[in-house]
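Shown next: query17.pdb, containing PDB, C-alpha atoms and all ligand atoms.
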MODEL        1
ATOM      1  CA  MET T 272      22.014  -3.951  -9.904
ATOM      2  CA  SER T 273      23.434  -6.114 -12.694
ATOM      3  CA  GLU T 274      27.045  -5.672 -13.713
ATOM      4  CA  TYR T 275      25.892  -4.260 -17.046
ATOM      5  CA  ASN T 276      23.575  -1.696 -15.437
ATOM      6  CA  ASP T 277      26.351  -0.665 -13.097
ATOM      7  CA  LYS T 278      28.669  -0.077 -16.078
ATOM      8  CA  LEU T 279      25.889   1.722 -17.948
ATOM      9  CA  SER T 280      25.280   4.158 -15.109
ATOM     10  CA  LYS T 281      29.029   4.818 -14.834
ATOM     11  CA  VAL T 282      29.235   5.469 -18.589
ATOM     12  CA  ILE T 283      26.222   7.790 -18.599
ATOM     13  CA  GLU T 284      27.490   9.727 -15.621
ATOM     14  CA  GLY T 285      31.091   9.733 -16.841
ATOM     15  CA  VAL T 286      30.218  11.145 -20.252
ATOM     16  CA  GLY T 287      27.353  13.291 -18.991
ATOM     17  CA  VAL T 288      25.628  13.381 -22.360
ATOM     18  CA  VAL T 289      23.073  11.060 -23.979
ATOM     19  CA  PRO T 290      22.077  11.883 -27.561
ATOM     20  CA  VAL T 291      18.335  11.480 -28.154
ATOM     21  CA  ILE T 292      17.844  10.286 -31.712
ATOM     22  CA  ALA T 293      14.866  10.283 -34.078
ATOM     23  CA  ILE T 294      16.165   8.438 -37.124
ATOM     24  CA  ASN T 295      14.272   8.258 -40.419
ATOM     25  CA  ASP T 296      16.403   5.667 -42.186
ATOM     26  CA  ALA T 297      17.833   2.669 -40.352
ATOM     27  CA  ARG T 298      20.689   2.481 -42.894
ATOM     28  CA  LYS T 299      22.076   5.646 -41.280
ATOM     29  CA  ALA T 300      22.155   4.103 -37.794
ATOM     30  CA  VAL T 301      25.623   2.552 -37.935
ATOM     31  CA  PRO T 302      27.452   5.610 -39.339
ATOM     32  CA  LEU T 303      25.550   7.716 -36.818
ATOM     33  CA  ALA T 304      26.662   5.513 -33.908
ATOM     34  CA  LYS T 305      30.250   5.705 -35.185
ATOM     35  CA  ALA T 306      30.003   9.514 -35.407
ATOM     36  CA  LEU T 307      28.861   9.662 -31.777
ATOM     37  CA  LEU T 308      31.690   7.343 -30.695
ATOM     38  CA  ALA T 309      34.201   9.501 -32.576
ATOM     39  CA  GLY T 310      32.815  12.453 -30.620
ATOM     40  CA  GLY T 311      33.462  10.679 -27.323
ATOM     41  CA  ILE T 312      29.902   9.503 -26.677
ATOM     42  CA  PRO T 313      29.498   5.727 -26.249
ATOM     43  CA  CYS T 314      25.765   5.861 -25.499
ATOM     44  CA  ILE T 315      22.653   6.534 -27.532
ATOM     45  CA  GLU T 316      18.903   6.694 -27.026
ATOM     46  CA  VAL T 317      17.071   5.732 -30.218
ATOM     47  CA  THR T 318      13.496   6.954 -29.894
ATOM     48  CA  PHE T 319      10.405   5.129 -31.059
ATOM     49  CA  ARG T 320       9.257   8.329 -32.753
ATOM     50  CA  THR T 321      10.052   6.984 -36.179
ATOM     51  CA  ALA T 322       9.226   3.752 -37.936
ATOM     52  CA  ALA T 323      12.944   3.081 -38.409
ATOM     53  CA  ALA T 324      13.695   2.903 -34.665
ATOM     54  CA  GLU T 325      13.533  -0.874 -34.274
ATOM     55  CA  ASP T 326      15.734  -1.596 -37.290
ATOM     56  CA  ALA T 327      18.139   1.156 -36.246
ATOM     57  CA  ILE T 328      18.508  -0.473 -32.816
ATOM     58  CA  LYS T 329      19.088  -3.877 -34.461
ATOM     59  CA  ALA T 330      21.785  -2.440 -36.715
ATOM     60  CA  ILE T 331      23.660  -0.659 -33.925
ATOM     61  CA  HIS T 332      23.422  -3.727 -31.691
ATOM     62  CA  LYS T 333      24.944  -5.879 -34.420
ATOM     63  CA  GLU T 334      27.532  -3.547 -35.926
ATOM     64  CA  VAL T 335      28.547  -1.279 -33.030
ATOM     65  CA  PRO T 336      28.328  -3.552 -29.974
ATOM     66  CA  GLU T 337      30.470  -1.247 -27.858
ATOM     67  CA  MET T 338      27.666   1.320 -27.861
ATOM     68  CA  TYR T 339      25.502   1.513 -24.731
ATOM     69  CA  LEU T 340      22.226   1.315 -26.560
ATOM     70  CA  GLY T 341      18.866   2.440 -25.266
ATOM     71  CA  ALA T 342      15.373   2.923 -26.620
ATOM     72  CA  GLY T 343      13.487   6.147 -25.981
ATOM     73  CA  THR T 344       9.909   7.363 -26.230
ATOM     74  CA  VAL T 345       8.839   3.917 -25.040
ATOM     75  CA  ILE T 346       5.190   4.291 -24.056
ATOM     76  CA  SER T 347       4.007   0.665 -23.963
ATOM     77  CA  ILE T 348       5.261  -2.703 -22.810
ATOM     78  CA  ALA T 349       4.921  -3.922 -26.395
ATOM     79  CA  GLN T 350       7.447  -1.280 -27.475
ATOM     80  CA  ALA T 351       9.742  -2.147 -24.570
ATOM     81  CA  GLU T 352       9.615  -5.818 -25.648
ATOM     82  CA  LYS T 353      10.436  -4.874 -29.246
ATOM     83  CA  ALA T 354      13.275  -2.600 -28.146
ATOM     84  CA  ILE T 355      14.889  -5.225 -25.925
ATOM     85  CA  ALA T 356      14.460  -7.953 -28.555
ATOM     86  CA  ALA T 357      16.184  -5.643 -31.048
ATOM     87  CA  GLY T 358      19.170  -5.195 -28.744
ATOM     88  CA  ALA T 359      18.425  -2.164 -26.571
ATOM     89  CA  ARG T 360      19.770  -2.432 -23.026
ATOM     90  CA  PHE T 361      17.944   0.466 -21.387
ATOM     91  CA  ILE T 362      14.496   2.008 -21.665
ATOM     92  CA  VAL T 363      13.538   5.689 -21.514
ATOM     93  CA  SER T 364       9.956   6.985 -21.389
ATOM     94  CA  PRO T 365       8.641  10.538 -21.617
ATOM     95  CA  GLY T 366       6.379   9.909 -18.610
ATOM     96  CA  LEU T 367       6.046   7.583 -15.658
ATOM     97  CA  ASP T 368       4.198   4.369 -16.475
ATOM     98  CA  GLU T 369       4.258   2.001 -13.512
ATOM     99  CA  ASN T 370       3.673  -1.040 -15.714
ATOM    100  CA  ILE T 371       6.659  -0.296 -17.933
ATOM    101  CA  VAL T 372       8.851   0.425 -14.906
ATOM    102  CA  ARG T 373       7.835  -2.844 -13.224
ATOM    103  CA  TRP T 374       8.289  -4.817 -16.467
ATOM    104  CA  CYS T 375      11.851  -3.487 -16.736
ATOM    105  CA  LEU T 376      12.752  -3.945 -13.071
ATOM    106  CA  GLU T 377      11.522  -7.552 -13.114
ATOM    107  CA  ARG T 378      13.978  -8.198 -15.954
ATOM    108  CA  ASP T 379      16.844  -6.174 -14.494
ATOM    109  CA  ILE T 380      16.635  -3.702 -17.384
ATOM    110  CA  ALA T 381      17.658  -0.128 -16.596
ATOM    111  CA  VAL T 382      14.688   2.205 -16.955
ATOM    112  CA  PHE T 383      14.467   5.985 -16.882
ATOM    113  CA  PRO T 384      10.856   7.177 -16.709
ATOM    114  CA  GLY T 385      10.124  10.811 -17.363
ATOM    115  CA  THR T 386       9.146  12.910 -14.359
ATOM    116  CA  CYS T 387       8.795  16.627 -13.735
ATOM    117  CA  THR T 388       6.620  16.967 -10.617
ATOM    118  CA  PRO T 389       7.101  15.954  -6.973
ATOM    119  CA  THR T 390       4.181  13.516  -7.294
ATOM    120  CA  GLU T 391       5.825  11.702 -10.203
ATOM    121  CA  VAL T 392       9.203  11.658  -8.490
ATOM    122  CA  GLN T 393       7.618  10.271  -5.311
ATOM    123  CA  LYS T 394       5.914   7.539  -7.328
ATOM    124  CA  ALA T 395       9.173   6.633  -9.074
ATOM    125  CA  VAL T 396      11.005   6.493  -5.744
ATOM    126  CA  SER T 397       8.300   4.220  -4.337
ATOM    127  CA  LEU T 398       8.912   1.898  -7.305
ATOM    128  CA  GLY T 399      12.563   1.689  -6.268
ATOM    129  CA  LEU T 400      14.213   4.099  -8.711
ATOM    130  CA  SER T 401      16.696   6.834  -7.926
ATOM    131  CA  VAL T 402      17.918   7.994 -11.341
ATOM    132  CA  LEU T 403      15.044   9.472 -13.337
ATOM    133  CA  LYS T 404      14.541  11.337 -16.542
ATOM    134  CA  PHE T 405      13.521  14.961 -15.967
ATOM    135  CA  PHE T 406      11.390  16.021 -18.929
ATOM    136  CA  PRO T 407      10.593  18.493 -20.435
ATOM    137  CA  SER T 408      13.429  20.105 -18.567
ATOM    138  CA  GLU T 409      13.534  23.696 -19.732
ATOM    139  CA  ALA T 410       9.755  24.046 -20.018
ATOM    140  CA  ALA T 411       9.308  22.550 -16.533
ATOM    141  CA  GLY T 412      11.674  24.999 -14.834
ATOM    142  CA  GLY T 413      15.124  23.575 -15.578
ATOM    143  CA  VAL T 414      17.795  23.523 -12.904
ATOM    144  CA  ASN T 415      15.755  25.686 -10.507
ATOM    145  CA  MET T 416      12.910  23.136 -10.526
ATOM    146  CA  ILE T 417      15.357  20.230 -10.177
ATOM    147  CA  LYS T 418      16.988  21.815  -7.099
ATOM    148  CA  ASN T 419      13.585  22.398  -5.512
ATOM    149  CA  ILE T 420      12.364  18.848  -6.202
ATOM    150  CA  CYS T 421      15.582  17.397  -4.762
ATOM    151  CA  GLY T 422      14.958  19.175  -1.432
ATOM    152  CA  PRO T 423      12.596  16.419  -0.225
ATOM    153  CA  PHE T 424      14.196  13.792  -2.501
ATOM    154  CA  PRO T 425      17.967  14.155  -1.962
ATOM    155  CA  GLN T 426      18.546  10.574  -3.112
ATOM    156  CA  VAL T 427      17.171  11.309  -6.595
ATOM    157  CA  ARG T 428      19.304  12.352  -9.538
ATOM    158  CA  PHE T 429      18.225  13.187 -13.031
ATOM    159  CA  MET T 430      19.015  12.582 -16.648
ATOM    160  CA  THR T 431      17.492  15.823 -17.944
ATOM    161  CA  THR T 432      16.134  16.353 -21.431
ATOM    162  CA  GLY T 433      13.973  18.837 -23.279
ATOM    163  CA  GLY T 434      15.257  22.152 -24.538
ATOM    164  CA  ILE T 435      18.896  21.603 -23.599
ATOM    165  CA  SER T 436      21.606  22.943 -25.888
ATOM    166  CA  MET T 437      25.043  24.538 -25.724
ATOM    167  CA  ALA T 438      23.269  27.764 -24.713
ATOM    168  CA  ASN T 439      22.168  26.394 -21.329
ATOM    169  CA  ILE T 440      24.256  23.236 -20.758
ATOM    170  CA  ALA T 441      26.564  24.982 -18.231
ATOM    171  CA  GLN T 442      23.717  25.292 -15.689
ATOM    172  CA  TYR T 443      23.157  21.548 -15.846
ATOM    173  CA  GLN T 444      26.878  20.802 -15.609
ATOM    174  CA  ALA T 445      26.969  22.832 -12.400
ATOM    175  CA  CYS T 446      23.960  21.074 -10.836
ATOM    176  CA  LYS T 447      24.934  18.154  -8.585
ATOM    177  CA  HIS T 448      21.512  16.539  -9.032
ATOM    178  CA  VAL T 449      22.112  16.104 -12.770
ATOM    179  CA  VAL T 450      23.734  12.811 -13.779
ATOM    180  CA  ALA T 451      23.651  13.662 -17.474
ATOM    181  CA  VAL T 452      21.891  15.796 -20.022
ATOM    182  CA  GLY T 453      20.138  14.320 -23.002
ATOM    183  CA  GLY T 454      18.910  15.894 -26.161
ATOM    184  CA  SER T 455      18.615  15.992 -29.873
ATOM    185  CA  TRP T 456      20.737  19.051 -30.560
ATOM    186  CA  MET T 457      23.919  17.066 -31.287
ATOM    187  CA  ALA T 458      22.333  14.856 -33.916
ATOM    188  CA  LYS T 459      19.148  16.327 -35.339
ATOM    189  CA  SER T 460      17.130  14.224 -37.752
ATOM    190  CA  ASP T 461      17.941  16.500 -40.692
ATOM    191  CA  ALA T 462      21.689  16.275 -39.958
ATOM    192  CA  ILE T 463      21.380  12.471 -39.880
ATOM    193  CA  ASP T 464      19.383  12.498 -43.147
ATOM    194  CA  ALA T 465      22.103  14.643 -44.735
ATOM    195  CA  GLU T 466      24.860  12.377 -43.321
ATOM    196  CA  LYS T 467      26.643  15.259 -41.632
ATOM    197  CA  TRP T 468      28.793  12.899 -39.587
ATOM    198  CA  ASP T 469      31.701  15.294 -39.012
ATOM    199  CA  GLU T 470      29.348  18.002 -37.804
ATOM    200  CA  ILE T 471      27.631  15.536 -35.436
ATOM    201  CA  THR T 472      31.000  14.362 -34.114
ATOM    202  CA  ALA T 473      32.069  17.975 -33.495
ATOM    203  CA  LYS T 474      28.841  18.743 -31.612
ATOM    204  CA  CYS T 475      29.302  15.642 -29.468
ATOM    205  CA  LYS T 476      32.860  16.670 -28.563
ATOM    206  CA  GLU T 477      31.654  20.138 -27.635
ATOM    207  CA  ALA T 478      28.859  18.720 -25.436
ATOM    208  CA  VAL T 479      31.136  16.207 -23.681
ATOM    209  CA  SER T 480      33.650  18.909 -22.952
ATOM    210  CA  ALA T 481      30.914  21.186 -21.545
ATOM    211  CA  MET T 482      29.705  18.442 -19.175
ATOM    212  CA  LYS T 483      33.218  17.544 -17.853
ATOM    213  CA  ARG T 484      33.317  17.544 -14.052
TER
HETATM  214  C1  LIG N   1      13.348  13.751 -25.263
HETATM  215  O1  LIG N   1      12.514  12.942 -25.625
HETATM  216  O2  LIG N   1      14.168  13.471 -24.386
HETATM  217  C2  LIG N   1      13.318  15.129 -25.781
HETATM  218  O3  LIG N   1      12.351  15.284 -26.763
HETATM  219  C3  LIG N   1      14.609  15.676 -26.236
HETATM  220  O4  LIG N   1      14.418  17.026 -26.206
HETATM  221  P1  LIG N   1      15.110  18.011 -27.225
HETATM  222  O5  LIG N   1      14.700  17.607 -28.596
HETATM  223  O6  LIG N   1      14.596  19.382 -26.830
HETATM  224  O7  LIG N   1      16.590  17.896 -27.026
ENDMDL
END

Written as structure tokens, how would this file's structure read?
Ligand code: 3PG
Amino acid sequence: MSEYNDKLSKVIEGVGVVPVIAINDARKAVPLAKALLAGGIPCIEVTFRTAAAEDAIKAIHKEVPEMYLGAGTVISIAQAEKAIAAGARFIVSPGLDENIVRWCLERDIAVFPGTCTPTEVQKAVSLGLSVLKFFPSEAAGGVNMIKNICGPFPQVRFMTTGGISMANIAQYQACKHVVAVGGSWMAKSDAIDAEKWDEITAKCKEAVSAMKR
């Protein structure tokens, strides 16, 4: 593992929270990143769900270099290439695409493919991964499903996303198989549009404190 990836995994696990962002206006990316930092979160997953994603990644890379910056909803190698060229340092996908995983591993880029079944987890393990995204967490059975999957795969740990909020975060905090939770609840697109930076910072602080171990 590269020195950077080692630091990244320590940061993600140390903070326990990765905001998943769908940003409509790249001009909001830098104040958003600063709001997350002020809330104690030095990592961000900017999803390719909006046209502004690439420019948002570029802006954060340039203006907030201390941020551990990832791209999410990456469903093709072309998107992974764009994300990395823009400054992203890790790749998250909703599902498991062997080609994307291999492309990242060949370049020593941290990659978190989405999994939620034993078959997908087994495939990811065979590709050499041990920290996976678990998605869509709540709909797929949440912590109960994670504990069951980790029976045969004790080496696997998850960054879980999908339906997580302050209402259920405590279950994830208590689960030893969970490295971190991710989600959009701290910085929803409408809150970013409305520049509610203080509110976003407060939600980040609350989430970080709930994931403290
Ligand atoms: C993701 O891509 O990780 C999820 O869509 C985030 O899920 P959430 O919006 O329910 O937090």

### Task
Determine the residue membership of the PyMOL selection byres (((chain T and resi 371) around 10) and not hetatm) for the file above and supply it as number ranges by chain.
T: 345-352, 362-364, 367-370, 372-377, 382, 384

### Message
Please compute the atom CA of T:Lys353-atom CA of T:Glu316 distance, one decimal, in Å.
### Response
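We find that atom CA of T:Lys353 and atom CA of T:Glu316 lie 14.5 Å from each other.
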
For chain T versus ligand LIG 1 (chain N), which residues have an atom no more than 9 Å away, and what is each residue's nearest atom pair and distance in Å rounded to one decimal, using only C-alpha atoms and all ligand atoms, chain-then-number order, as JSON lines?
{"residue": "T:Pro290", "atom": "CA", "partner": "N:LIG1", "partner_atom": "O7", "distance": 8.2}
{"residue": "T:Val291", "atom": "CA", "partner": "N:LIG1", "partner_atom": "C3", "distance": 5.9}
{"residue": "T:Ile292", "atom": "CA", "partner": "N:LIG1", "partner_atom": "C3", "distance": 8.3}
{"residue": "T:Glu316", "atom": "CA", "partner": "N:LIG1", "partner_atom": "O2", "distance": 8.7}
{"residue": "T:Thr318", "atom": "CA", "partner": "N:LIG1", "partner_atom": "O1", "distance": 7.4}
{"residue": "T:Gly343", "atom": "CA", "partner": "N:LIG1", "partner_atom": "O1", "distance": 6.9}
{"residue": "T:Thr344", "atom": "CA", "partner": "N:LIG1", "partner_atom": "O1", "distance": 6.2}
{"residue": "T:Val363", "atom": "CA", "partner": "N:LIG1", "partner_atom": "O2", "distance": 8.3}
{"residue": "T:Ser364", "atom": "CA", "partner": "N:LIG1", "partner_atom": "O1", "distance": 7.7}
{"residue": "T:Pro365", "atom": "CA", "partner": "N:LIG1", "partner_atom": "O1", "distance": 6.1}
{"residue": "T:Gly385", "atom": "CA", "partner": "N:LIG1", "partner_atom": "O2", "distance": 8.5}
{"residue": "T:Lys404", "atom": "CA", "partner": "N:LIG1", "partner_atom": "O2", "distance": 8.1}
{"residue": "T:Phe405", "atom": "CA", "partner": "N:LIG1", "partner_atom": "O2", "distance": 8.6}
{"residue": "T:Phe406", "atom": "CA", "partner": "N:LIG1", "partner_atom": "O2", "distance": 6.6}
{"residue": "T:Pro407", "atom": "CA", "partner": "N:LIG1", "partner_atom": "C2", "distance": 6.9}
{"residue": "T:Ser408", "atom": "CA", "partner": "N:LIG1", "partner_atom": "O4", "distance": 8.3}
{"residue": "T:Glu409", "atom": "CA", "partner": "N:LIG1", "partner_atom": "O6", "distance": 8.4}
{"residue": "T:Thr431", "atom": "CA", "partner": "N:LIG1", "partner_atom": "O2", "distance": 7.6}
{"residue": "T:Thr432", "atom": "CA", "partner": "N:LIG1", "partner_atom": "O2", "distance": 4.6}
{"residue": "T:Gly433", "atom": "CA", "partner": "N:LIG1", "partner_atom": "O4", "distance": 3.5}
{"residue": "T:Gly434", "atom": "CA", "partner": "N:LIG1", "partner_atom": "O6", "distance": 3.7}
{"residue": "T:Ile435", "atom": "CA", "partner": "N:LIG1", "partner_atom": "O7", "distance": 5.6}
{"residue": "T:Ser436", "atom": "CA", "partner": "N:LIG1", "partner_atom": "O7", "distance": 7.2}
{"residue": "T:Gly453", "atom": "CA", "partner": "N:LIG1", "partner_atom": "O2", "distance": 6.2}
{"residue": "T:Gly454", "atom": "CA", "partner": "N:LIG1", "partner_atom": "O7", "distance": 3.2}
{"residue": "T:Ser455", "atom": "CA", "partner": "N:LIG1", "partner_atom": "O7", "distance": 4.0}
{"residue": "T:Trp456", "atom": "CA", "partner": "N:LIG1", "partner_atom": "O7", "distance": 5.6}
{"residue": "T:Met457", "atom": "CA", "partner": "N:LIG1", "partner_atom": "O7", "distance": 8.5}
{"residue": "T:Lys459", "atom": "CA", "partner": "N:LIG1", "partner_atom": "O5", "distance": 8.2}

### Query
Distance atom CA of T:Val427-atom CA of T:Ser401, one decimal place?
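Computing it gives 4.7 Å between the two atoms.
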
### Task
Would you mind reading off the distance between atom CA of T:Val449 and atom CA of T:Val289, one decimal, in Å?
12.3 Å

### Message
I'd like the contact shell of T:Glu274 - 12 Å cut-off, all atoms listed in the file, skipping same-chain residues fewer than 6 positions apart - returned as JSON, numbers by chain.
### Response
{"T": [280, 281, 379, 380, 381]}

### Task
Name the closest residue to T:Thr388 among the candidates T:Ala309, T:Val288, T:Ile420, T:Ala441; distances are taken between atoms, counting all atoms listed in the file.
T:Ile420

### Query
Looking at all atoms listed in the file, which of T:Glu466, T:Glu284, T:Arg298, T:Arg360 is the one that sits closest to T:Val452?
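Checking each of T:Glu466, T:Glu284, T:Arg298, T:Arg360 against T:Val452, counting all atoms listed in the file, the winner is T:Glu284.
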
### Message
Residues proximal to (15.8, 2.5, -3.3) were defined as those with any atom within 12 Å of that point in the file's coordinates, counting only C-alpha atoms. Which are they, as a list of chain:residue names?
### Response
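Returned residue set, sorted by chain then number, is T:Met272, T:Gln393, T:Lys394, T:Ala395, T:Val396, T:Ser397, T:Leu398, T:Gly399, T:Leu400, T:Ser401, T:Val402, T:Phe424, T:Pro425, T:Gln426, T:Val427.
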
### Message
Once the PyMOL selection byres (((chain T and resi 478) around 9) and not hetatm) is applied to the coordinates I shared, what remains selected? I want it as a VMD selection string.
### Response
chain T and resid 287 to 288 436 to 437 440 457 473 to 477 479 to 483

### Task
Please identify all polymer residues within 7 Å of stretch 325-331 of chain T, counting only C-alpha atoms, omitting same-chain residues fewer than 2 positions from it, and present them as a count of residues only.
14
